[in-house]
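What's in data-v1.txt: compact mmCIF, C-alpha atoms
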# COMPACT_ATOMS: atom_id res chain seq x y z
CA ALA R 1 0.00 0.00 0.00
CA VAL R 2 1.04 3.57 -0.61
CA VAL R 3 1.56 5.55 2.60
CA MET R 4 1.10 9.31 2.24
CA SER R 5 2.04 11.91 4.84
CA LEU R 6 -0.07 14.77 3.44
CA THR R 7 -3.60 14.78 4.81
CA ILE R 8 -5.99 14.50 1.87
CA ARG R 9 -9.33 16.27 2.17
CA VAL R 10 -12.46 14.26 1.34
CA ILE R 11 -15.04 16.62 -0.13
CA PRO R 12 -18.62 15.64 -0.97
CA THR R 13 -20.12 17.98 -3.53
CA LEU R 14 -23.78 18.89 -3.80
CA LEU R 15 -24.99 20.13 -7.18
CA TRP R 16 -28.08 22.34 -6.97
CA ALA R 17 -30.25 23.14 -9.97
CA GLU R 18 -33.68 24.73 -10.09
CA GLY R 19 -34.54 23.72 -6.53
CA TYR R 20 -33.11 20.19 -6.43
CA ILE R 21 -29.94 18.30 -5.65
CA VAL R 22 -29.07 16.73 -9.00
CA GLN R 23 -26.74 14.25 -10.65
CA THR R 24 -24.93 15.08 -13.87
CA LYS R 25 -23.20 13.32 -16.73
CA ARG R 26 -20.92 15.33 -19.01
CA PHE R 27 -22.40 18.45 -17.38
CA GLN R 28 -25.97 17.52 -18.32
CA ILE R 29 -28.49 16.93 -15.53
CA VAL R 30 -29.59 13.29 -15.60
CA ASN R 31 -31.39 12.87 -12.28
CA ARG R 32 -33.12 14.98 -9.64
CA LEU R 33 -32.54 13.57 -6.17
CA HIS R 34 -33.72 15.77 -3.34
CA GLY R 35 -35.37 19.12 -2.73
CA ASP R 36 -33.75 19.65 0.66
CA MET R 37 -30.00 20.25 0.70
CA VAL R 38 -29.64 19.81 4.46
CA GLU R 39 -31.43 16.45 4.47
CA ALA R 40 -29.35 15.20 1.56
CA ALA R 41 -26.17 16.30 3.35
CA ARG R 42 -27.23 14.66 6.60
CA THR R 43 -27.90 11.34 4.86
CA LEU R 44 -24.49 11.07 3.24
CA GLY R 45 -22.75 11.95 6.50
CA VAL R 46 -21.47 15.49 6.00
CA PRO R 47 -20.17 15.82 9.59
CA ASP R 48 -17.44 13.33 8.62
CA ALA R 49 -16.37 15.47 5.64
CA ASP R 50 -13.39 17.81 5.67
CA GLU R 51 -15.26 20.33 3.54
CA VAL R 52 -18.40 20.46 1.42
CA ILE R 53 -18.68 22.06 -2.01
CA LEU R 54 -22.08 23.49 -2.97
CA LEU R 55 -22.56 24.49 -6.60
CA ASP R 56 -25.54 26.20 -8.18
CA ILE R 57 -25.63 24.79 -11.72
CA SER R 58 -29.08 26.10 -12.57
CA ARG R 59 -29.51 27.04 -16.23
CA THR R 60 -30.15 30.68 -15.34
CA PRO R 61 -29.27 32.92 -12.37
CA ASP R 62 -32.96 33.15 -11.43
CA HIS R 63 -32.55 30.62 -8.59
CA GLN R 64 -29.70 32.39 -6.79
CA ASN R 65 -31.79 33.47 -3.81
CA ASP R 66 -33.03 29.92 -3.28
CA PHE R 67 -29.47 28.60 -3.43
CA ARG R 68 -28.29 31.20 -0.95
CA ARG R 69 -31.07 30.22 1.45
CA GLN R 70 -29.93 26.62 1.22
CA LEU R 71 -26.34 27.71 1.87
CA ARG R 72 -27.43 29.57 5.00
CA ARG R 73 -29.28 26.48 6.24
CA MET R 74 -26.18 24.33 5.64
CA SER R 75 -24.04 26.81 7.55
CA ASP R 76 -26.47 26.86 10.48
CA GLU R 77 -26.76 23.07 10.57
CA PHE R 78 -23.21 21.77 10.08
CA ASP R 79 -19.87 22.71 11.57
CA VAL R 80 -17.99 21.91 8.36
CA PRO R 81 -16.16 24.35 6.03
CA LEU R 82 -18.38 25.26 3.07
CA THR R 83 -17.20 26.21 -0.39
CA ALA R 84 -19.96 27.66 -2.57
CA GLY R 85 -20.25 28.82 -6.14
CA GLY R 86 -22.33 29.12 -9.25
CA TRP R 87 -23.35 32.28 -11.11
CA VAL R 88 -20.61 34.31 -9.47
CA ARG R 89 -20.19 37.12 -12.00
CA LYS R 90 -19.07 40.05 -9.86
CA VAL R 91 -17.34 40.68 -6.57
CA ASP R 92 -20.65 41.49 -4.87
CA ASP R 93 -21.77 37.91 -5.60
CA VAL R 94 -18.80 36.69 -3.57
CA GLN R 95 -19.87 38.84 -0.64
CA ALA R 96 -23.40 37.45 -0.83
CA LEU R 97 -22.11 33.89 -0.45
CA LEU R 98 -19.70 34.78 2.35
CA ASP R 99 -22.51 36.55 4.19
CA ARG R 100 -24.53 33.31 4.13
CA GLY R 101 -21.81 31.12 5.57
CA ALA R 102 -19.42 30.20 2.76
CA ASP R 103 -15.76 29.98 3.78
CA LYS R 104 -14.52 29.93 0.19
CA VAL R 105 -16.13 30.82 -3.13
CA VAL R 106 -15.88 28.95 -6.43
CA VAL R 107 -15.61 31.09 -9.56
CA ASN R 108 -15.52 29.60 -13.04
CA THR R 109 -16.46 31.63 -16.11
CA ALA R 110 -15.77 35.03 -14.53
CA ALA R 111 -12.50 34.00 -12.85
CA LEU R 112 -10.30 35.52 -15.54
CA GLY R 113 -11.99 38.89 -15.12
CA ILE R 114 -12.63 39.21 -11.40
CA GLY R 115 -10.17 36.78 -9.80
CA PRO R 116 -7.52 39.39 -8.93
CA ALA R 117 -10.16 41.74 -7.50
CA ILE R 118 -11.56 38.98 -5.29
CA ALA R 119 -8.09 38.14 -4.00
CA GLN R 120 -7.33 41.79 -3.35
CA ARG R 121 -10.50 42.31 -1.34
CA TYR R 122 -10.75 39.01 0.56
CA GLY R 123 -7.39 37.27 0.15
CA SER R 124 -6.53 34.48 -2.25
CA GLN R 125 -7.56 31.86 0.32
CA VAL R 126 -11.19 32.73 -0.42
CA LEU R 127 -11.00 32.18 -4.20
CA VAL R 128 -11.29 28.70 -5.67
CA ALA R 129 -10.86 28.85 -9.44
CA SER R 130 -13.00 26.17 -11.04
CA ILE R 131 -11.58 24.90 -14.33
CA ASP R 132 -13.75 22.79 -16.61
CA ILE R 133 -11.51 20.95 -19.07
CA CYS R 134 -12.47 19.49 -22.44
CA ASN R 135 -10.96 17.90 -25.51
CA SER R 136 -11.97 20.40 -28.14
CA PRO R 137 -11.65 20.14 -31.93
CA ARG R 138 -11.22 23.92 -31.84
CA PHE R 139 -7.95 23.59 -29.95
CA ALA R 140 -5.21 21.34 -31.29
CA PHE R 141 -2.64 21.82 -28.54
CA GLY R 142 -3.89 19.57 -25.76
CA PRO R 143 -6.76 19.88 -23.30
CA ALA R 144 -8.72 23.11 -23.49
CA VAL R 145 -10.97 25.12 -21.15
CA ALA R 146 -14.75 25.25 -21.40
CA PHE R 147 -16.81 28.02 -19.80
CA ASP R 148 -20.55 28.24 -19.04
CA ARG R 149 -20.91 24.65 -17.78
CA GLY R 150 -19.11 23.25 -20.80
CA ARG R 151 -21.24 25.02 -23.38
CA ASN R 152 -18.55 27.46 -24.47
CA GLU R 153 -15.31 25.77 -25.48
CA GLN R 154 -12.32 28.10 -25.61
CA ARG R 155 -9.15 28.17 -27.66
CA LEU R 156 -7.35 28.27 -24.34
CA SER R 157 -4.95 25.70 -22.93
CA ALA R 158 -6.10 24.16 -19.65
CA TYR R 159 -2.49 24.11 -18.49
CA ALA R 160 -1.90 27.78 -19.30
CA HIS R 161 -5.19 28.82 -17.69
CA ALA R 162 -4.44 26.85 -14.51
CA LEU R 163 -0.96 28.35 -14.29
CA TYR R 164 -2.28 31.88 -14.79
CA MET R 165 -5.03 31.52 -12.17
CA ALA R 166 -2.57 30.11 -9.62
CA GLN R 167 0.18 32.66 -10.26
CA ASP R 168 -1.53 35.91 -11.26
CA GLY R 169 -5.29 35.27 -11.28
CA GLY R 170 -5.76 35.43 -7.53
CA ALA R 171 -6.73 31.80 -6.87
CA GLY R 172 -5.68 30.14 -3.66
CA GLU R 173 -6.93 26.78 -4.90
CA LEU R 174 -8.02 25.07 -8.12
CA LEU R 175 -11.04 22.81 -8.62
CA LEU R 176 -10.62 20.63 -11.72
CA ASN R 177 -13.35 18.84 -13.64
CA HIS R 178 -13.36 17.33 -17.14
CA LEU R 179 -16.33 17.38 -19.51
CA ASP R 180 -15.56 13.92 -20.90
CA TYR R 181 -15.30 12.31 -17.45
CA ASP R 182 -18.03 14.03 -15.43
CA GLY R 183 -20.61 11.51 -14.24
CA THR R 184 -19.25 8.67 -16.37
CA GLY R 185 -17.86 6.56 -13.54
CA GLY R 186 -14.52 6.23 -15.30
CA GLY R 187 -12.57 7.92 -12.52
CA TYR R 188 -10.80 11.27 -12.60
CA ALA R 189 -9.02 12.61 -15.69
CA LEU R 190 -5.81 11.63 -13.92
CA LYS R 191 -3.26 12.40 -16.62
CA VAL R 192 -4.42 16.00 -17.09
CA PHE R 193 -5.19 16.65 -13.43
CA ALA R 194 -1.84 15.28 -12.24
CA GLN R 195 0.02 17.45 -14.74
CA ILE R 196 -1.78 20.57 -13.49
CA ALA R 197 -1.10 19.62 -9.86
CA ARG R 198 2.61 19.42 -10.71
CA LEU R 199 2.55 22.77 -12.53
CA VAL R 200 1.00 24.95 -9.84
CA ASP R 201 1.95 25.90 -6.30
CA VAL R 202 -1.58 26.02 -4.89
CA PRO R 203 -3.75 23.13 -3.65
CA VAL R 204 -5.65 21.29 -6.37
CA VAL R 205 -8.96 19.48 -5.86
CA PHE R 206 -9.88 16.71 -8.32
CA PHE R 207 -13.57 16.36 -9.25
CA GLY R 208 -15.70 14.42 -11.73
CA GLY R 209 -15.99 10.78 -12.76
CA VAL R 210 -15.80 8.95 -9.44
CA ARG R 211 -17.66 5.64 -9.29
CA ALA R 212 -15.77 3.80 -6.54
CA TRP R 213 -13.76 4.78 -3.48
CA GLU R 214 -10.66 3.48 -5.25
CA ASN R 215 -10.95 6.45 -7.61
CA LEU R 216 -10.40 8.73 -4.60
CA VAL R 217 -7.24 6.78 -3.74
CA GLU R 218 -6.04 7.21 -7.32
CA GLY R 219 -6.62 10.95 -7.12
CA ALA R 220 -4.68 11.27 -3.88
CA ILE R 221 -1.73 9.33 -5.32
CA ALA R 222 -1.81 11.49 -8.47
CA GLY R 223 -1.31 14.70 -6.51
CA ALA R 224 -4.70 15.95 -5.36
CA SER R 225 -4.83 17.98 -2.17
CA GLY R 226 -8.52 17.16 -1.97
CA VAL R 227 -10.71 14.56 -3.66
CA ALA R 228 -14.25 15.67 -4.47
CA ALA R 229 -17.20 13.74 -5.83
CA ALA R 230 -20.92 14.25 -6.21
CA ASN R 231 -22.95 11.36 -7.66
CA VAL R 232 -21.19 8.51 -5.83
CA PHE R 233 -21.86 9.90 -2.36
CA HIS R 234 -25.63 9.67 -2.83
CA TYR R 235 -25.74 5.89 -3.24
CA ARG R 236 -25.68 4.95 0.46
CA GLU R 237 -25.97 6.43 3.92
CA ASN R 238 -22.83 7.65 5.72
CA SER R 239 -20.90 7.38 2.48
CA VAL R 240 -18.28 9.95 3.52
CA ARG R 241 -17.32 7.69 6.43
CA ASP R 242 -17.07 4.69 4.07
CA ALA R 243 -14.89 6.63 1.64
CA LYS R 244 -12.48 7.74 4.34
CA SER R 245 -12.25 4.26 5.81
CA HIS R 246 -11.40 2.82 2.40
CA MET R 247 -8.75 5.46 1.76
CA ALA R 248 -7.14 4.93 5.16
CA ARG R 249 -6.95 1.18 4.56
CA HIS R 250 -5.07 1.90 1.34
CA GLY R 251 -2.43 4.10 2.93
CA ILE R 252 -3.97 7.52 2.29
CA ASN R 253 -3.67 9.93 5.20
CA VAL R 254 -7.15 11.29 5.96
CA ARG R 255 -8.48 13.20 8.95
CA PRO R 256 -9.57 10.64 11.57
CA LEU R 257 -13.24 9.87 11.81
CA LEU R 258 -15.08 10.79 14.96
CA ASP R 259 -16.31 7.83 16.95
CA ARG R 260 -19.99 8.73 17.28
CA ARG R 261 -20.48 6.59 20.40
CA LEU R 262 -17.53 8.18 22.20
CA GLU R 263 -18.67 11.60 21.08
CA SER R 264 -22.18 11.00 22.47
CA GLU R 265 -20.79 9.67 25.75
CA ALA R 266 -18.52 12.70 26.09
CA GLU R 267 -21.45 15.02 25.53
CA ALA R 268 -23.46 13.16 28.15
CA ARG R 269 -20.61 13.54 30.66
CA GLU R 270 -20.32 17.30 30.16
CA PRO R 271 -21.53 19.22 33.23
CA VAL R 272 -24.72 21.15 32.85
CA LYS R 273 -24.04 24.87 32.80
CA THR R 274 -26.12 26.95 35.17
Represent the supplied structure as C-alpha cells.
Amino acid sequence: AVVMSLTIRVIPTLLWAEGYIVQTKRFQIVNRLHGDMVEAARTLGVPDADEVILLDISRTPDHQNDFRRQLRRMSDEFDVPLTAGGWVRKVDDVQALLDRGADKVVVNTAALGIGPAIAQRYGSQVLVASIDICNSPRFAFGPAVAFDRGRNEQRLSAYAHALYMAQDGGAGELLLNHLDYDGTGGGYALKVFAQIARLVDVPVVFFGGVRAWENLVEGAIAGASGVAAANVFHYRENSVRDAKSHMARHGINVRPLLDRRLESEAEAREPVKT
C-alpha cells in the first residue's frame, strides 16, 4: 500500500439546480434527487467530511436566492467548512455567499476577469478557481478550457489557464473537472489533473468521474490535495465515512473519523451549565 504523509481532504459535492440536488453526466443533468440540501447532506454523513462544495448549476441565475437560502441552512446546521459557487459574476456575488456562511467561493467563467479583485478584497484563500476541461476540436494543442458549464469551449490551454489563475489570477486553490469524465464513472481525468497539480503551487482538488472509493485513492496518489465527488456519495448512507475508511486502509492519510459513540458519551458527561 502507498503511505502518504499529506492529509488528503475528502469533499462531498452537492450540485443544486432549479430547486433540487441533481446528478450530472458530461455536465448535463440526468437525475433529480432531493429538494432539501440539508437532508441530503445529513444522509451522506457530511459531519465526517473535511469540507463540502455546494454548486448552483441552474440554467439561469434566477434561482440564486433559493441557493443562498440553502447555503445559510447548511451553515447553520453543520460545523464543516463550506465552499460555494455558481453564477458568481461580480465581486458582490462573492460577498453574498460569504454573508450566508461560505468559507470559500468557487468562480468559473468570470475568474479571468474578477479573480484578482476577489483576491485583493478578501485574500486568495477565499477564491477557488473552477476549471472545466475538455478535448476540443477547436484547440489542437492539448486539453482546453470550457466556460458556461461546458457550453462554451475556448481556444485556451487548460495548463496555461491553470498556471495563470494560480500565479496571477488570484486563486488560492483550483477545482478541476473534465467534460468527458463528469458523471461517467470512469474515474478522474488523472493524466491532465496530475500534470496541473505538478505545474502549480496552490492546492488542487480533483472532481468528476468517481464511481468507486478506489478512484479517490487514485486521485490522492496522483497529486490531489482534496478529492471531491458528487454522484457517488448519494448511493448509500454515511458514504463519507465509508470513503475515508477505504482510503485509510489503502495508505492515504485522511483526517480521523469521529467515533460517534464516544462523542455521544462525552457530551453526556459534560456538566450542565447553570
Legend entry - Between atom CA of R:Gly172 and atom CA of R:Leu127, distance in Å (one decimal): 5.7 Å
Inset, instruction - Determine, counting all atoms listed in the file, which protein, DNA and RNA residues have an atom within 10 Å of an atom of R:Arg155; residues of the same chain fewer than 3 positions away are not included. Present the result as JSON, numbers by chain. - result: {"R": [136, 137, 138, 139, 140, 141, 143, 144, 145, 146, 152, 158]}
Output C-alpha atoms for every residue in that selection, as a PDB file, keeping the file's coordinate frame.
ATOM      1  CA  SER R 136     -11.970  20.400 -28.140  1.00  0.00           C
ATOM      2  CA  PRO R 137     -11.650  20.140 -31.930  1.00  0.00           C
ATOM      3  CA  ARG R 138     -11.220  23.920 -31.840  1.00  0.00           C
ATOM      4  CA  PHE R 139      -7.950  23.590 -29.950  1.00  0.00           C
ATOM      5  CA  ALA R 140      -5.210  21.340 -31.290  1.00  0.00           C
ATOM      6  CA  PHE R 141      -2.640  21.820 -28.540  1.00  0.00           C
ATOM      7  CA  PRO R 143      -6.760  19.880 -23.300  1.00  0.00           C
ATOM      8  CA  ALA R 144      -8.720  23.110 -23.490  1.00  0.00           C
ATOM      9  CA  VAL R 145     -10.970  25.120 -21.150  1.00  0.00           C
ATOM     10  CA  ALA R 146     -14.750  25.250 -21.400  1.00  0.00           C
ATOM     11  CA  ASN R 152     -18.550  27.460 -24.470  1.00  0.00           C
ATOM     12  CA  ALA R 158      -6.100  24.160 -19.650  1.00  0.00           C
TER      13      ALA R 158
END
Axis-aligned box over every listed atom of stretch 230-242 of chain R, padded by 5 Å per side: centre and edges in Å to one decimal, as AutoDock Vina command-line options?
--center_x -21.5 --center_y 9.5 --center_z -0.6 --size_x 18.9 --size_y 19.6 --size_z 24.1
Legend entry - d(atom CA of R:Thr184, atom CA of R:Val88) in Å: 26.6 Å
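Considering the residues R:Leu55, R:Ala40, R:Ala189, R:Ala162 and counting all atoms listed in the file, R:Leu97 has its shortest atom-to-atom contact with R:Leu55.
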Could you give me, as CSV, a per-residue list for stretch 89-180 of chain R showing, wherever an atom lies at most 7 Å from an atom of stretch 201-204 of chain R, the closest pair of atoms and their distance in Å to one decimal, using all atoms listed in the file and sorting by chain then residue number from low to high?
residue,atom,partner,partner_atom,distance
R:Ala166,CA,R:Val202,CA,6.3
R:Gly172,CA,R:Val202,CA,5.9
R:Glu173,CA,R:Pro203,CA,5.0
R:Leu174,CA,R:Val204,CA,4.8
R:Leu175,CA,R:Val204,CA,6.0
Legend entry - Contact residues around R:Asn108 with only C-alpha atoms at 8 Å, ignoring same-chain residues under 2 positions, as a PyMOL selection string: chain R and resi 86+88+106+110-111+129-132+147-148
Residues as selected, C-alpha atoms, written as a short mmCIF file (atom, residue, chain, number, x, y, z; two decimals), in the coordinates of the input, can you do that?
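Dumped everything to selection_10.cif:
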data_model
loop_
_atom_site.label_atom_id
_atom_site.label_comp_id
_atom_site.auth_asym_id
_atom_site.auth_seq_id
_atom_site.Cartn_x
_atom_site.Cartn_y
_atom_site.Cartn_z
CA GLY R 86 -22.33 29.12 -9.25
CA VAL R 88 -20.61 34.31 -9.47
CA VAL R 106 -15.88 28.95 -6.43
CA ALA R 110 -15.77 35.03 -14.53
CA ALA R 111 -12.50 34.00 -12.85
CA ALA R 129 -10.86 28.85 -9.44
CA SER R 130 -13.00 26.17 -11.04
CA ILE R 131 -11.58 24.90 -14.33
CA ASP R 132 -13.75 22.79 -16.61
CA PHE R 147 -16.81 28.02 -19.80
CA ASP R 148 -20.55 28.24 -19.04
#
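Checking R:Tyr235, R:Phe27, R:Tyr181, R:Trp213 one by one against R:Gly150, counting only C-alpha atoms, you find the shortest gap at R:Phe27.
Taking atom CA of R:Asp76 and atom CA of R:Val210 as the two end points, the separation is 28.8 Å.
Closest to R:Val30 among R:Pro116, R:Arg73, R:Asp66, R:Asp182 is R:Asp182, based on all atoms listed in the file.
Considering only C-alpha atoms, the residue among R:Arg151, R:Arg198, R:Asp99, R:Val105 positioned nearest to R:Gly85 is R:Val105.
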Rebuild stretch 91-110 of chain R to N, CA, C and O atoms - output it as a PDB file, keeping the file's coordinate frame, please.
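Result went into rebuild12.pdb, see below:
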ATOM      1  N   VAL R  91     -17.863  40.797  -7.935  1.00  0.00           N
ATOM      2  CA  VAL R  91     -17.340  40.680  -6.570  1.00  0.00           C
ATOM      3  C   VAL R  91     -18.461  40.702  -5.546  1.00  0.00           C
ATOM      4  O   VAL R  91     -18.381  40.027  -4.514  1.00  0.00           O
ATOM      5  N   ASP R  92     -19.521  41.441  -5.809  1.00  0.00           N
ATOM      6  CA  ASP R  92     -20.650  41.490  -4.870  1.00  0.00           C
ATOM      7  C   ASP R  92     -21.289  40.105  -4.686  1.00  0.00           C
ATOM      8  O   ASP R  92     -21.844  39.808  -3.626  1.00  0.00           O
ATOM      9  N   ASP R  93     -21.233  39.272  -5.718  1.00  0.00           N
ATOM     10  CA  ASP R  93     -21.770  37.910  -5.600  1.00  0.00           C
ATOM     11  C   ASP R  93     -20.949  37.093  -4.602  1.00  0.00           C
ATOM     12  O   ASP R  93     -21.487  36.236  -3.894  1.00  0.00           O
ATOM     13  N   VAL R  94     -19.665  37.358  -4.551  1.00  0.00           N
ATOM     14  CA  VAL R  94     -18.800  36.690  -3.570  1.00  0.00           C
ATOM     15  C   VAL R  94     -19.234  37.079  -2.163  1.00  0.00           C
ATOM     16  O   VAL R  94     -19.388  36.233  -1.280  1.00  0.00           O
ATOM     17  N   GLN R  95     -19.447  38.359  -1.959  1.00  0.00           N
ATOM     18  CA  GLN R  95     -19.870  38.840  -0.640  1.00  0.00           C
ATOM     19  C   GLN R  95     -21.182  38.201  -0.213  1.00  0.00           C
ATOM     20  O   GLN R  95     -21.357  37.832   0.957  1.00  0.00           O
ATOM     21  N   ALA R  96     -22.103  38.048  -1.152  1.00  0.00           N
ATOM     22  CA  ALA R  96     -23.400  37.450  -0.830  1.00  0.00           C
ATOM     23  C   ALA R  96     -23.247  36.027  -0.314  1.00  0.00           C
ATOM     24  O   ALA R  96     -23.957  35.607   0.612  1.00  0.00           O
ATOM     25  N   LEU R  97     -22.329  35.262  -0.890  1.00  0.00           N
ATOM     26  CA  LEU R  97     -22.110  33.890  -0.450  1.00  0.00           C
ATOM     27  C   LEU R  97     -21.375  33.839   0.892  1.00  0.00           C
ATOM     28  O   LEU R  97     -21.700  33.031   1.769  1.00  0.00           O
ATOM     29  N   LEU R  98     -20.399  34.722   1.067  1.00  0.00           N
ATOM     30  CA  LEU R  98     -19.700  34.780   2.350  1.00  0.00           C
ATOM     31  C   LEU R  98     -20.646  35.169   3.469  1.00  0.00           C
ATOM     32  O   LEU R  98     -20.572  34.634   4.584  1.00  0.00           O
ATOM     33  N   ASP R  99     -21.553  36.099   3.181  1.00  0.00           N
ATOM     34  CA  ASP R  99     -22.510  36.550   4.190  1.00  0.00           C
ATOM     35  C   ASP R  99     -23.429  35.420   4.652  1.00  0.00           C
ATOM     36  O   ASP R  99     -23.973  35.468   5.763  1.00  0.00           O
ATOM     37  N   ARG R 100     -23.613  34.415   3.802  1.00  0.00           N
ATOM     38  CA  ARG R 100     -24.530  33.310   4.130  1.00  0.00           C
ATOM     39  C   ARG R 100     -23.789  32.063   4.603  1.00  0.00           C
ATOM     40  O   ARG R 100     -24.369  30.990   4.670  1.00  0.00           O
ATOM     41  N   GLY R 101     -22.510  32.222   4.912  1.00  0.00           N
ATOM     42  CA  GLY R 101     -21.810  31.120   5.570  1.00  0.00           C
ATOM     43  C   GLY R 101     -20.721  30.431   4.789  1.00  0.00           C
ATOM     44  O   GLY R 101     -20.082  29.509   5.300  1.00  0.00           O
ATOM     45  N   ALA R 102     -20.498  30.830   3.536  1.00  0.00           N
ATOM     46  CA  ALA R 102     -19.420  30.200   2.760  1.00  0.00           C
ATOM     47  C   ALA R 102     -18.069  30.625   3.335  1.00  0.00           C
ATOM     48  O   ALA R 102     -17.876  31.778   3.732  1.00  0.00           O
ATOM     49  N   ASP R 103     -17.139  29.688   3.377  1.00  0.00           N
ATOM     50  CA  ASP R 103     -15.760  29.980   3.780  1.00  0.00           C
ATOM     51  C   ASP R 103     -14.899  30.314   2.570  1.00  0.00           C
ATOM     52  O   ASP R 103     -13.966  31.108   2.664  1.00  0.00           O
ATOM     53  N   LYS R 104     -15.205  29.678   1.457  1.00  0.00           N
ATOM     54  CA  LYS R 104     -14.520  29.930   0.190  1.00  0.00           C
ATOM     55  C   LYS R 104     -15.570  30.011  -0.913  1.00  0.00           C
ATOM     56  O   LYS R 104     -16.683  29.507  -0.759  1.00  0.00           O
ATOM     57  N   VAL R 105     -15.188  30.637  -2.025  1.00  0.00           N
ATOM     58  CA  VAL R 105     -16.130  30.820  -3.130  1.00  0.00           C
ATOM     59  C   VAL R 105     -15.511  30.300  -4.421  1.00  0.00           C
ATOM     60  O   VAL R 105     -14.360  30.602  -4.745  1.00  0.00           O
ATOM     61  N   VAL R 106     -16.290  29.504  -5.139  1.00  0.00           N
ATOM     62  CA  VAL R 106     -15.880  28.950  -6.430  1.00  0.00           C
ATOM     63  C   VAL R 106     -16.280  29.907  -7.539  1.00  0.00           C
ATOM     64  O   VAL R 106     -17.433  30.335  -7.610  1.00  0.00           O
ATOM     65  N   VAL R 107     -15.328  30.231  -8.397  1.00  0.00           N
ATOM     66  CA  VAL R 107     -15.610  31.090  -9.560  1.00  0.00           C
ATOM     67  C   VAL R 107     -15.087  30.369 -10.792  1.00  0.00           C
ATOM     68  O   VAL R 107     -13.954  29.883 -10.808  1.00  0.00           O
ATOM     69  N   ASN R 108     -15.905  30.319 -11.824  1.00  0.00           N
ATOM     70  CA  ASN R 108     -15.520  29.600 -13.040  1.00  0.00           C
ATOM     71  C   ASN R 108     -15.395  30.577 -14.200  1.00  0.00           C
ATOM     72  O   ASN R 108     -14.333  31.111 -14.471  1.00  0.00           O
ATOM     73  N   THR R 109     -16.493  30.846 -14.877  1.00  0.00           N
ATOM     74  CA  THR R 109     -16.460  31.630 -16.110  1.00  0.00           C
ATOM     75  C   THR R 109     -15.878  33.023 -15.889  1.00  0.00           C
ATOM     76  O   THR R 109     -15.115  33.531 -16.717  1.00  0.00           O
ATOM     77  N   ALA R 110     -16.204  33.648 -14.779  1.00  0.00           N
ATOM     78  CA  ALA R 110     -15.770  35.030 -14.530  1.00  0.00           C
ATOM     79  C   ALA R 110     -14.385  35.130 -13.875  1.00  0.00           C
ATOM     80  O   ALA R 110     -13.912  36.235 -13.617  1.00  0.00           O
TER      81      ALA R 110
END
